[in-house]
file protein12.cif (mmCIF, N, CA and C atoms)
data_entry
#
loop_
_atom_site.label_atom_id
_atom_site.label_comp_id
_atom_site.auth_asym_id
_atom_site.auth_seq_id
_atom_site.Cartn_x
_atom_site.Cartn_y
_atom_site.Cartn_z
N MET D 3 0.84 -1.17 0.00
CA MET D 3 0.00 0.00 0.00
C MET D 3 0.89 1.24 0.00
N ALA D 4 0.54 2.20 -0.84
CA ALA D 4 1.30 3.44 -0.92
C ALA D 4 1.07 4.27 0.33
N THR D 5 2.10 4.98 0.73
CA THR D 5 1.96 5.88 1.88
C THR D 5 2.25 7.30 1.43
N GLY D 6 1.79 8.25 2.20
CA GLY D 6 2.01 9.65 1.88
C GLY D 6 1.01 10.50 2.64
N VAL D 7 1.10 11.78 2.42
CA VAL D 7 0.19 12.71 3.09
C VAL D 7 -1.02 12.92 2.19
N LEU D 8 -2.20 12.68 2.72
CA LEU D 8 -3.43 12.87 1.96
C LEU D 8 -3.81 14.34 1.95
N GLY D 9 -4.46 14.76 0.87
CA GLY D 9 -4.96 16.12 0.78
C GLY D 9 -6.16 16.36 1.68
N THR D 10 -6.89 15.27 1.97
CA THR D 10 -8.07 15.39 2.83
C THR D 10 -7.68 16.02 4.16
N ALA D 11 -8.46 16.96 4.62
CA ALA D 11 -8.27 17.68 5.89
C ALA D 11 -7.20 18.77 5.79
N SER D 12 -6.65 19.01 4.59
CA SER D 12 -5.74 20.13 4.41
C SER D 12 -6.56 21.41 4.34
N THR D 13 -5.94 22.54 4.68
CA THR D 13 -6.66 23.81 4.67
C THR D 13 -5.87 24.89 3.94
N ILE D 14 -6.62 25.85 3.38
CA ILE D 14 -6.03 27.04 2.78
C ILE D 14 -6.79 28.24 3.34
N VAL D 15 -6.08 29.19 3.90
CA VAL D 15 -6.71 30.40 4.43
C VAL D 15 -6.09 31.60 3.71
N TRP D 16 -6.93 32.41 3.10
CA TRP D 16 -6.49 33.62 2.41
C TRP D 16 -7.09 34.81 3.13
N SER D 17 -6.27 35.74 3.56
CA SER D 17 -6.78 36.87 4.34
C SER D 17 -7.58 37.85 3.49
N GLY D 18 -7.58 37.69 2.17
CA GLY D 18 -8.32 38.58 1.29
C GLY D 18 -9.83 38.39 1.34
N ALA D 19 -10.29 37.22 1.79
CA ALA D 19 -11.74 36.95 1.89
C ALA D 19 -11.93 35.78 2.85
N THR D 20 -12.27 36.07 4.08
CA THR D 20 -12.43 35.05 5.10
C THR D 20 -13.48 34.02 4.69
N GLY D 21 -13.12 32.76 4.76
CA GLY D 21 -14.05 31.66 4.47
C GLY D 21 -14.17 31.30 3.00
N LEU D 22 -13.56 32.06 2.09
CA LEU D 22 -13.72 31.81 0.66
C LEU D 22 -13.20 30.44 0.25
N LEU D 23 -12.08 30.01 0.81
CA LEU D 23 -11.44 28.76 0.37
C LEU D 23 -11.76 27.59 1.28
N THR D 24 -12.77 27.72 2.13
CA THR D 24 -13.13 26.66 3.08
C THR D 24 -13.52 25.38 2.36
N ASN D 25 -14.31 25.47 1.32
CA ASN D 25 -14.79 24.29 0.60
C ASN D 25 -13.97 24.02 -0.66
N TYR D 26 -12.64 24.03 -0.50
CA TYR D 26 -11.84 23.81 -1.71
C TYR D 26 -11.74 22.33 -2.03
N LEU D 27 -11.67 22.05 -3.34
CA LEU D 27 -11.63 20.67 -3.83
C LEU D 27 -10.26 20.28 -4.33
N ASP D 28 -9.52 21.27 -4.81
CA ASP D 28 -8.23 20.98 -5.43
C ASP D 28 -7.38 22.24 -5.40
N ALA D 29 -6.09 22.08 -5.22
CA ALA D 29 -5.16 23.20 -5.28
C ALA D 29 -3.93 22.74 -6.05
N GLU D 30 -3.46 23.60 -6.96
CA GLU D 30 -2.29 23.25 -7.75
C GLU D 30 -1.34 24.44 -7.80
N HIS D 31 -0.11 24.21 -7.34
CA HIS D 31 0.93 25.25 -7.33
C HIS D 31 1.82 25.06 -8.55
N SER D 32 2.18 26.16 -9.20
CA SER D 32 3.00 26.10 -10.41
C SER D 32 4.46 25.78 -10.12
N GLY D 33 4.90 25.95 -8.89
CA GLY D 33 6.30 25.73 -8.53
C GLY D 33 7.06 27.04 -8.43
N TYR D 34 8.24 26.98 -7.85
CA TYR D 34 9.08 28.16 -7.69
C TYR D 34 10.01 28.27 -8.88
N ALA D 35 10.28 29.50 -9.31
CA ALA D 35 11.18 29.72 -10.43
C ALA D 35 12.26 30.70 -10.04
N PRO D 36 13.50 30.22 -9.89
CA PRO D 36 14.58 31.15 -9.55
C PRO D 36 14.87 32.08 -10.73
N THR D 37 15.35 33.26 -10.42
CA THR D 37 15.74 34.20 -11.47
C THR D 37 16.94 33.61 -12.20
N VAL D 38 16.86 33.60 -13.52
CA VAL D 38 17.95 33.12 -14.36
C VAL D 38 18.44 34.30 -15.18
N ILE D 39 19.73 34.59 -15.07
CA ILE D 39 20.31 35.76 -15.71
C ILE D 39 21.22 35.31 -16.85
N PRO D 40 20.93 35.75 -18.07
CA PRO D 40 21.82 35.40 -19.18
C PRO D 40 23.23 35.95 -18.91
N SER D 41 24.25 35.10 -19.05
CA SER D 41 25.62 35.55 -18.79
C SER D 41 26.52 35.37 -20.01
N SER D 42 25.94 35.02 -21.14
CA SER D 42 26.74 34.88 -22.37
C SER D 42 27.28 36.24 -22.80
N ASN D 43 28.41 36.21 -23.47
CA ASN D 43 28.97 37.43 -24.05
C ASN D 43 29.56 37.08 -25.41
N MET D 44 30.20 38.02 -26.05
CA MET D 44 30.73 37.80 -27.40
C MET D 44 31.78 36.70 -27.45
N ALA D 45 32.40 36.38 -26.33
CA ALA D 45 33.42 35.33 -26.30
C ALA D 45 32.83 33.95 -26.06
N THR D 46 31.53 33.87 -25.74
CA THR D 46 30.90 32.58 -25.47
C THR D 46 30.79 31.80 -26.78
N VAL D 47 31.24 30.55 -26.74
CA VAL D 47 31.16 29.68 -27.91
C VAL D 47 30.26 28.49 -27.56
N GLY D 48 29.36 28.13 -28.47
CA GLY D 48 28.48 27.00 -28.22
C GLY D 48 27.21 27.44 -27.51
N GLY D 49 26.83 26.68 -26.51
CA GLY D 49 25.58 26.97 -25.80
C GLY D 49 25.65 28.24 -24.97
N LYS D 50 24.53 28.90 -24.84
CA LYS D 50 24.44 30.09 -24.01
C LYS D 50 24.70 29.73 -22.55
N THR D 51 25.19 30.69 -21.78
CA THR D 51 25.43 30.47 -20.35
C THR D 51 24.47 31.35 -19.54
N PHE D 52 24.20 30.88 -18.33
CA PHE D 52 23.27 31.57 -17.44
C PHE D 52 23.81 31.52 -16.02
N ALA D 53 23.43 32.53 -15.24
CA ALA D 53 23.78 32.57 -13.82
C ALA D 53 22.49 32.52 -13.00
N HIS D 54 22.60 31.99 -11.81
CA HIS D 54 21.45 31.89 -10.91
C HIS D 54 21.36 33.17 -10.09
N GLY D 55 20.20 33.84 -10.13
CA GLY D 55 20.01 35.06 -9.36
C GLY D 55 19.65 34.74 -7.91
N SER D 56 19.58 35.77 -7.08
CA SER D 56 19.26 35.57 -5.67
C SER D 56 17.76 35.66 -5.39
N GLN D 57 16.96 36.08 -6.38
CA GLN D 57 15.52 36.17 -6.20
C GLN D 57 14.82 34.99 -6.85
N TYR D 58 13.56 34.79 -6.50
CA TYR D 58 12.76 33.73 -7.11
C TYR D 58 11.34 34.22 -7.30
N ASP D 59 10.65 33.60 -8.22
CA ASP D 59 9.24 33.88 -8.44
C ASP D 59 8.47 32.78 -7.71
N PRO D 60 7.63 33.13 -6.70
CA PRO D 60 6.92 32.09 -5.96
C PRO D 60 5.81 31.41 -6.75
N GLY D 61 5.54 31.86 -7.97
CA GLY D 61 4.61 31.15 -8.84
C GLY D 61 3.16 31.56 -8.67
N THR D 62 2.28 30.65 -9.08
CA THR D 62 0.84 30.86 -8.97
C THR D 62 0.22 29.67 -8.25
N LEU D 63 -0.95 29.90 -7.68
CA LEU D 63 -1.71 28.84 -7.02
C LEU D 63 -3.13 28.90 -7.56
N SER D 64 -3.57 27.79 -8.17
CA SER D 64 -4.95 27.69 -8.64
C SER D 64 -5.73 26.82 -7.67
N VAL D 65 -6.86 27.34 -7.21
CA VAL D 65 -7.68 26.65 -6.22
C VAL D 65 -9.09 26.49 -6.79
N THR D 66 -9.58 25.27 -6.80
CA THR D 66 -10.96 25.01 -7.22
C THR D 66 -11.81 24.84 -5.97
N ILE D 67 -12.90 25.60 -5.90
CA ILE D 67 -13.77 25.55 -4.73
C ILE D 67 -15.18 25.14 -5.14
N ARG D 68 -15.90 24.55 -4.20
CA ARG D 68 -17.34 24.33 -4.35
C ARG D 68 -17.98 25.62 -3.87
N TRP D 69 -18.59 26.36 -4.78
CA TRP D 69 -19.09 27.68 -4.45
C TRP D 69 -20.57 27.62 -4.15
N ASP D 70 -20.94 28.05 -2.95
CA ASP D 70 -22.35 28.02 -2.56
C ASP D 70 -22.95 29.41 -2.47
N GLY D 71 -22.18 30.43 -2.81
CA GLY D 71 -22.68 31.79 -2.81
C GLY D 71 -22.65 32.49 -1.46
N SER D 72 -22.23 31.77 -0.40
CA SER D 72 -22.25 32.36 0.93
C SER D 72 -21.13 33.38 1.15
N VAL D 73 -20.07 33.30 0.35
CA VAL D 73 -18.97 34.25 0.43
C VAL D 73 -18.77 34.84 -0.95
N ALA D 74 -18.80 36.15 -1.05
CA ALA D 74 -18.63 36.83 -2.34
C ALA D 74 -17.21 36.63 -2.85
N ILE D 75 -17.10 36.47 -4.16
CA ILE D 75 -15.78 36.39 -4.80
C ILE D 75 -15.27 37.82 -4.93
N PRO D 76 -14.08 38.12 -4.39
CA PRO D 76 -13.56 39.49 -4.49
C PRO D 76 -13.21 39.85 -5.94
N ALA D 77 -13.05 41.12 -6.19
CA ALA D 77 -12.65 41.59 -7.51
C ALA D 77 -11.22 41.16 -7.81
N LEU D 78 -10.93 41.00 -9.08
CA LEU D 78 -9.55 40.70 -9.48
C LEU D 78 -8.64 41.79 -8.94
N GLY D 79 -7.47 41.39 -8.51
CA GLY D 79 -6.52 42.33 -7.92
C GLY D 79 -6.57 42.37 -6.40
N ALA D 80 -7.59 41.74 -5.79
CA ALA D 80 -7.66 41.69 -4.32
C ALA D 80 -6.43 40.96 -3.79
N THR D 81 -5.92 41.41 -2.66
CA THR D 81 -4.69 40.82 -2.12
C THR D 81 -4.87 40.39 -0.67
N GLY D 82 -3.99 39.52 -0.24
CA GLY D 82 -3.95 39.06 1.14
C GLY D 82 -2.87 38.01 1.30
N SER D 83 -2.48 37.73 2.51
CA SER D 83 -1.52 36.66 2.75
C SER D 83 -2.25 35.32 2.66
N MET D 84 -1.49 34.25 2.47
CA MET D 84 -2.11 32.93 2.33
C MET D 84 -1.33 31.91 3.16
N LEU D 85 -2.06 31.09 3.90
CA LEU D 85 -1.46 30.03 4.70
C LEU D 85 -2.08 28.71 4.29
N MET D 86 -1.22 27.77 3.90
CA MET D 86 -1.68 26.42 3.55
C MET D 86 -1.15 25.46 4.62
N THR D 87 -2.02 24.56 5.08
CA THR D 87 -1.64 23.55 6.06
C THR D 87 -2.09 22.20 5.54
N ASP D 88 -1.16 21.24 5.40
CA ASP D 88 -1.57 19.93 4.91
C ASP D 88 -2.07 19.07 6.07
N SER D 89 -2.57 17.90 5.74
CA SER D 89 -3.20 17.04 6.75
C SER D 89 -2.19 16.53 7.79
N ALA D 90 -0.90 16.64 7.51
CA ALA D 90 0.12 16.24 8.48
C ALA D 90 0.54 17.41 9.36
N GLY D 91 -0.03 18.60 9.12
CA GLY D 91 0.29 19.76 9.94
C GLY D 91 1.41 20.63 9.40
N GLU D 92 2.01 20.25 8.26
CA GLU D 92 3.07 21.07 7.66
C GLU D 92 2.44 22.32 7.07
N LYS D 93 3.12 23.48 7.24
CA LYS D 93 2.56 24.75 6.80
C LYS D 93 3.47 25.44 5.80
N ILE D 94 2.85 26.22 4.92
CA ILE D 94 3.57 27.08 4.02
C ILE D 94 2.83 28.41 3.96
N GLN D 95 3.56 29.50 4.15
CA GLN D 95 2.98 30.85 4.20
C GLN D 95 3.48 31.65 3.01
N PHE D 96 2.53 32.19 2.23
CA PHE D 96 2.86 33.08 1.13
C PHE D 96 2.60 34.51 1.61
N GLU D 97 3.60 35.37 1.51
CA GLU D 97 3.50 36.73 2.02
C GLU D 97 2.34 37.49 1.37
N ASN D 98 2.15 37.30 0.07
CA ASN D 98 1.09 38.01 -0.62
C ASN D 98 0.53 37.13 -1.73
N ALA D 99 -0.78 37.08 -1.83
CA ALA D 99 -1.47 36.34 -2.89
C ALA D 99 -2.47 37.29 -3.53
N ILE D 100 -2.30 37.52 -4.82
CA ILE D 100 -3.13 38.47 -5.57
C ILE D 100 -4.10 37.67 -6.43
N LEU D 101 -5.41 37.91 -6.29
CA LEU D 101 -6.39 37.23 -7.12
C LEU D 101 -6.21 37.70 -8.56
N GLN D 102 -5.71 36.79 -9.40
CA GLN D 102 -5.31 37.14 -10.76
C GLN D 102 -6.35 36.74 -11.80
N ASP D 103 -7.05 35.63 -11.56
CA ASP D 103 -7.98 35.12 -12.56
C ASP D 103 -9.05 34.29 -11.85
N GLN D 104 -10.22 34.19 -12.48
CA GLN D 104 -11.26 33.33 -11.93
C GLN D 104 -12.10 32.77 -13.07
N GLY D 105 -12.47 31.53 -12.90
CA GLY D 105 -13.33 30.86 -13.88
C GLY D 105 -14.39 30.08 -13.14
N PHE D 106 -15.27 29.43 -13.87
CA PHE D 106 -16.33 28.68 -13.21
C PHE D 106 -16.79 27.52 -14.07
N SER D 107 -17.47 26.59 -13.42
CA SER D 107 -18.09 25.44 -14.08
C SER D 107 -19.48 25.29 -13.47
N ILE D 108 -20.50 25.21 -14.34
CA ILE D 108 -21.88 25.06 -13.87
C ILE D 108 -22.43 23.77 -14.46
N PRO D 109 -22.18 22.64 -13.79
CA PRO D 109 -22.67 21.37 -14.31
C PRO D 109 -24.14 21.15 -13.99
N MET D 110 -24.79 20.30 -14.75
CA MET D 110 -26.18 19.97 -14.49
C MET D 110 -26.24 19.03 -13.28
N GLU D 111 -27.09 19.32 -12.34
CA GLU D 111 -27.32 18.52 -11.14
C GLU D 111 -26.05 18.24 -10.34
N ASP D 112 -25.23 19.26 -10.21
CA ASP D 112 -24.04 19.16 -9.38
C ASP D 112 -23.72 20.57 -8.89
N TYR D 113 -22.77 20.67 -7.98
CA TYR D 113 -22.41 21.96 -7.40
C TYR D 113 -21.65 22.84 -8.39
N ILE D 114 -21.87 24.14 -8.29
CA ILE D 114 -21.09 25.09 -9.07
C ILE D 114 -19.67 25.10 -8.51
N GLN D 115 -18.69 25.09 -9.40
CA GLN D 115 -17.30 25.16 -8.99
C GLN D 115 -16.69 26.43 -9.55
N ARG D 116 -15.84 27.05 -8.75
CA ARG D 116 -15.10 28.23 -9.18
C ARG D 116 -13.62 27.91 -9.08
N THR D 117 -12.86 28.32 -10.07
CA THR D 117 -11.41 28.17 -10.02
C THR D 117 -10.81 29.55 -9.89
N LEU D 118 -10.07 29.75 -8.82
CA LEU D 118 -9.44 31.03 -8.52
C LEU D 118 -7.93 30.87 -8.65
N THR D 119 -7.30 31.75 -9.41
CA THR D 119 -5.86 31.69 -9.58
C THR D 119 -5.23 32.90 -8.91
N PHE D 120 -4.27 32.63 -8.05
CA PHE D 120 -3.59 33.66 -7.29
C PHE D 120 -2.15 33.78 -7.77
N LYS D 121 -1.69 35.00 -8.03
CA LYS D 121 -0.28 35.26 -8.29
C LYS D 121 0.37 35.48 -6.93
N LEU D 122 1.33 34.65 -6.61
CA LEU D 122 2.01 34.73 -5.33
C LEU D 122 3.20 35.66 -5.45
N SER D 123 3.44 36.47 -4.42
CA SER D 123 4.57 37.38 -4.46
C SER D 123 5.14 37.54 -3.06
N GLY D 124 6.37 37.99 -3.02
CA GLY D 124 7.03 38.18 -1.73
C GLY D 124 7.66 36.90 -1.23
N ASN D 125 7.94 36.88 0.06
CA ASN D 125 8.64 35.75 0.67
C ASN D 125 7.71 34.57 0.92
N VAL D 126 8.31 33.38 0.87
CA VAL D 126 7.62 32.13 1.22
C VAL D 126 8.31 31.62 2.48
N THR D 127 7.53 31.31 3.51
CA THR D 127 8.08 30.80 4.75
C THR D 127 7.37 29.50 5.15
N TYR D 128 7.97 28.79 6.05
CA TYR D 128 7.44 27.53 6.53
C TYR D 128 7.31 27.60 8.05
N PRO D 129 6.20 28.20 8.54
CA PRO D 129 6.04 28.37 9.99
C PRO D 129 5.91 27.02 10.70
N THR D 130 6.29 27.02 11.96
CA THR D 130 6.16 25.77 12.74
C THR D 130 4.94 25.83 13.62
#
call {"tool": "encode", "arguments": {"input": "protein12.cif", "output": "structure tokens"}}
result
Amino acid sequence: MATGVLGTASTIVWSGATGLLTNYLDAEHSGYAPTVIPSSNMATVGGKTFAHGSQYDPGTLSVTIRWDGSVAIPALGATGSMLMTDSAGEKIQFENAILQDQGFSIPMEDYIQRTLTFKLSGNVTYPT
């Protein structure tokens, strides 16, 4: 039997709209992208060279929620910090999460789902 941390009982809290992400079904993070600086010059022969910068892009987080209308969806551009806690209690804190995009699905005889995409910015920490 495979072992691992289940997504069930994980939580996401965004300070931009209390309770908005309570009924989330799925969350997908794009990953971190370090700054890559081209370092090739006229003397470079063959493949281009790159240097690793000291900054990183914390990426985006797309969250699909079961939307029941009890919490209004904020306007695009709304901001707030975000705390994710998995079912094992591990936490990740995003300093700032900006509501960048939103979509929806309205299936027949099923719950309406909203997909909210947040552009993450600033520092990422792992509180204990």
call {"tool": "resolve_selection", "arguments": {"input": "protein12.cif", "expression": "the PyMOL selection byres (((chain D and resi 76 and name CA) around 12) and name CA)", "output": "list in words"}}
result
Trp16, Ser17, Gly18, Ala19, Thr20, Gly21, Leu22, Leu23, Val73, Ala74, Ile75, Ala77, Leu78, Gly79, Ala80, Thr81, Gly82, Ile100, Leu101, Gln102, Asp103, Gln104, Leu118 and Phe120 of chain D
call {"tool": "residues_near_point", "arguments": {"input": "protein12.cif", "point": "(-2.0, 15.4, 7.1)", "cutoff": "10 Å", "atoms": "only C-alpha atoms", "output": "JSON list (two decimals) with N, CA and C atoms, in the frame of the given file"}}
result
[["chain", "number", "residue", "atom", "x", "y", "z"],
["D", 6, "GLY", "N", 1.79, 8.25, 2.20],
["D", 6, "GLY", "CA", 2.01, 9.65, 1.88],
["D", 6, "GLY", "C", 1.01, 10.50, 2.64],
["D", 7, "VAL", "N", 1.10, 11.78, 2.42],
["D", 7, "VAL", "CA", 0.19, 12.71, 3.09],
["D", 7, "VAL", "C", -1.02, 12.92, 2.19],
["D", 8, "LEU", "N", -2.20, 12.68, 2.72],
["D", 8, "LEU", "CA", -3.43, 12.87, 1.96],
["D", 8, "LEU", "C", -3.81, 14.34, 1.95],
["D", 9, "GLY", "N", -4.46, 14.76, 0.87],
["D", 9, "GLY", "CA", -4.96, 16.12, 0.78],
["D", 9, "GLY", "C", -6.16, 16.36, 1.68],
["D", 10, "THR", "N", -6.89, 15.27, 1.97],
["D", 10, "THR", "CA", -8.07, 15.39, 2.83],
["D", 10, "THR", "C", -7.68, 16.02, 4.16],
["D", 11, "ALA", "N", -8.46, 16.96, 4.62],
["D", 11, "ALA", "CA", -8.27, 17.68, 5.89],
["D", 11, "ALA", "C", -7.20, 18.77, 5.79],
["D", 12, "SER", "N", -6.65, 19.01, 4.59],
["D", 12, "SER", "CA", -5.74, 20.13, 4.41],
["D", 12, "SER", "C", -6.56, 21.41, 4.34],
["D", 13, "THR", "N", -5.94, 22.54, 4.68],
["D", 13, "THR", "CA", -6.66, 23.81, 4.67],
["D", 13, "THR", "C", -5.87, 24.89, 3.94],
["D", 87, "THR", "N", -2.02, 24.56, 5.08],
["D", 87, "THR", "CA", -1.64, 23.55, 6.06],
["D", 87, "THR", "C", -2.09, 22.20, 5.54],
["D", 88, "ASP", "N", -1.16, 21.24, 5.40],
["D", 88, "ASP", "CA", -1.57, 19.93, 4.91],
["D", 88, "ASP", "C", -2.07, 19.07, 6.07],
["D", 89, "SER", "N", -2.57, 17.90, 5.74],
["D", 89, "SER", "CA", -3.20, 17.04, 6.75],
["D", 89, "SER", "C", -2.19, 16.53, 7.79],
["D", 90, "ALA", "N", -0.90, 16.64, 7.51],
["D", 90, "ALA", "CA", 0.12, 16.24, 8.48],
["D", 90, "ALA", "C", 0.54, 17.41, 9.36],
["D", 91, "GLY", "N", -0.03, 18.60, 9.12],
["D", 91, "GLY", "CA", 0.29, 19.76, 9.94],
["D", 91, "GLY", "C", 1.41, 20.63, 9.40],
["D", 92, "GLU", "N", 2.01, 20.25, 8.26],
["D", 92, "GLU", "CA", 3.07, 21.07, 7.66],
["D", 92, "GLU", "C", 2.44, 22.32, 7.07]]
call {"tool": "select_by_dssp", "arguments": {"input": "protein12.cif", "residues": "stretch 44-108 of chain D", "states": "strand (DSSP E)", "output": "ChimeraX atom specification"}}
result
/D:52-59,62-68,81-87,93-107
call {"tool": "atom_distance", "arguments": {"input": "protein12.cif", "atom1": "atom CA of D:Glu30", "atom2": "atom CA of D:Lys121"}}
result
12.2 Å
call {"tool": "residues_near_point", "arguments": {"input": "protein12.cif", "point": "(3.4, 35.3, 0.1)", "cutoff": "6 Å", "atoms": "all atoms listed in the file", "output": "JSON, numbers by chain"}}
result
{"D": [83, 84, 95, 96, 97, 98, 99, 122, 123, 124, 125, 126]}
call {"tool": "residues_around", "arguments": {"input": "protein12.cif", "residues": "D:Ile67", "least_positions_apart": "3", "cutoff": "8 Å", "atoms": "only N, CA and C atoms", "output": "number ranges by chain"}}
result
D: 22-29, 64, 70, 113-118
call {"tool": "atom_distance", "arguments": {"input": "protein12.cif", "atom1": "atom C of D:Thr37", "atom2": "atom CA of D:Gly49"}}
result
17.4 Å
call {"tool": "atom_distance", "arguments": {"input": "protein12.cif", "atom1": "atom CA of D:Ile14", "atom2": "atom CA of D:Gly105"}}
result
18.6 Å
call {"tool": "resolve_selection", "arguments": {"input": "protein12.cif", "expression": "the PyMOL selection byres ((chain D and resi 55) around 6.5)", "output": "list in words"}}
result
Pro36, Thr37, Val38, Ile39, Ala53, His54, Ser56, Gln57 and Tyr58 of chain D
call {"tool": "closest_residue", "arguments": {"input": "protein12.cif", "among": "D:Asp59, D:Val47, D:Leu85, D:Val65", "to": "D:Val15", "atoms": "only N, CA and C atoms"}}
result
D:Leu85
call {"tool": "decode", "arguments": {"input": "protein12.cif", "residues": "stretch 33-94 of chain D", "atoms": "C-alpha atoms", "output": "CSV table (one decimal), in the first residue's frame"}}
result
chain,number,residue,atom,x,y,z
D,33,GLY,CA,6.3,25.7,-8.5
D,34,TYR,CA,9.1,28.2,-7.7
D,35,ALA,CA,11.2,29.7,-10.4
D,36,PRO,CA,14.6,31.1,-9.6
D,37,THR,CA,15.7,34.2,-11.5
D,38,VAL,CA,18.0,33.1,-14.4
D,39,ILE,CA,20.3,35.8,-15.7
D,40,PRO,CA,21.8,35.4,-19.2
D,41,SER,CA,25.6,35.5,-18.8
D,42,SER,CA,26.7,34.9,-22.4
D,43,ASN,CA,29.0,37.4,-24.1
D,44,MET,CA,30.7,37.8,-27.4
D,45,ALA,CA,33.4,35.3,-26.3
D,46,THR,CA,30.9,32.6,-25.5
D,47,VAL,CA,31.2,29.7,-27.9
D,48,GLY,CA,28.5,27.0,-28.2
D,49,GLY,CA,25.6,27.0,-25.8
D,50,LYS,CA,24.4,30.1,-24.0
D,51,THR,CA,25.4,30.5,-20.4
D,52,PHE,CA,23.3,31.6,-17.4
D,53,ALA,CA,23.8,32.6,-13.8
D,54,HIS,CA,21.5,31.9,-10.9
D,55,GLY,CA,20.0,35.1,-9.4
D,56,SER,CA,19.3,35.6,-5.7
D,57,GLN,CA,15.5,36.2,-6.2
D,58,TYR,CA,12.8,33.7,-7.1
D,59,ASP,CA,9.2,33.9,-8.4
D,60,PRO,CA,6.9,32.1,-6.0
D,61,GLY,CA,4.6,31.2,-8.8
D,62,THR,CA,0.8,30.9,-9.0
D,63,LEU,CA,-1.7,28.8,-7.0
D,64,SER,CA,-5.0,27.7,-8.6
D,65,VAL,CA,-7.7,26.6,-6.2
D,66,THR,CA,-11.0,25.0,-7.2
D,67,ILE,CA,-13.8,25.6,-4.7
D,68,ARG,CA,-17.3,24.3,-4.4
D,69,TRP,CA,-19.1,27.7,-4.4
D,70,ASP,CA,-22.3,28.0,-2.6
D,71,GLY,CA,-22.7,31.8,-2.8
D,72,SER,CA,-22.3,32.4,0.9
D,73,VAL,CA,-19.0,34.2,0.4
D,74,ALA,CA,-18.6,36.8,-2.3
D,75,ILE,CA,-15.8,36.4,-4.8
D,76,PRO,CA,-13.6,39.5,-4.5
D,77,ALA,CA,-12.6,41.6,-7.5
D,78,LEU,CA,-9.6,40.7,-9.5
D,79,GLY,CA,-6.5,42.3,-7.9
D,80,ALA,CA,-7.7,41.7,-4.3
D,81,THR,CA,-4.7,40.8,-2.1
D,82,GLY,CA,-4.0,39.1,1.1
D,83,SER,CA,-1.5,36.7,2.8
D,84,MET,CA,-2.1,32.9,2.3
D,85,LEU,CA,-1.5,30.0,4.7
D,86,MET,CA,-1.7,26.4,3.6
D,87,THR,CA,-1.6,23.5,6.1
D,88,ASP,CA,-1.6,19.9,4.9
D,89,SER,CA,-3.2,17.0,6.8
D,90,ALA,CA,0.1,16.2,8.5
D,91,GLY,CA,0.3,19.8,9.9
D,92,GLU,CA,3.1,21.1,7.7
D,93,LYS,CA,2.6,24.8,6.8
D,94,ILE,CA,3.6,27.1,4.0
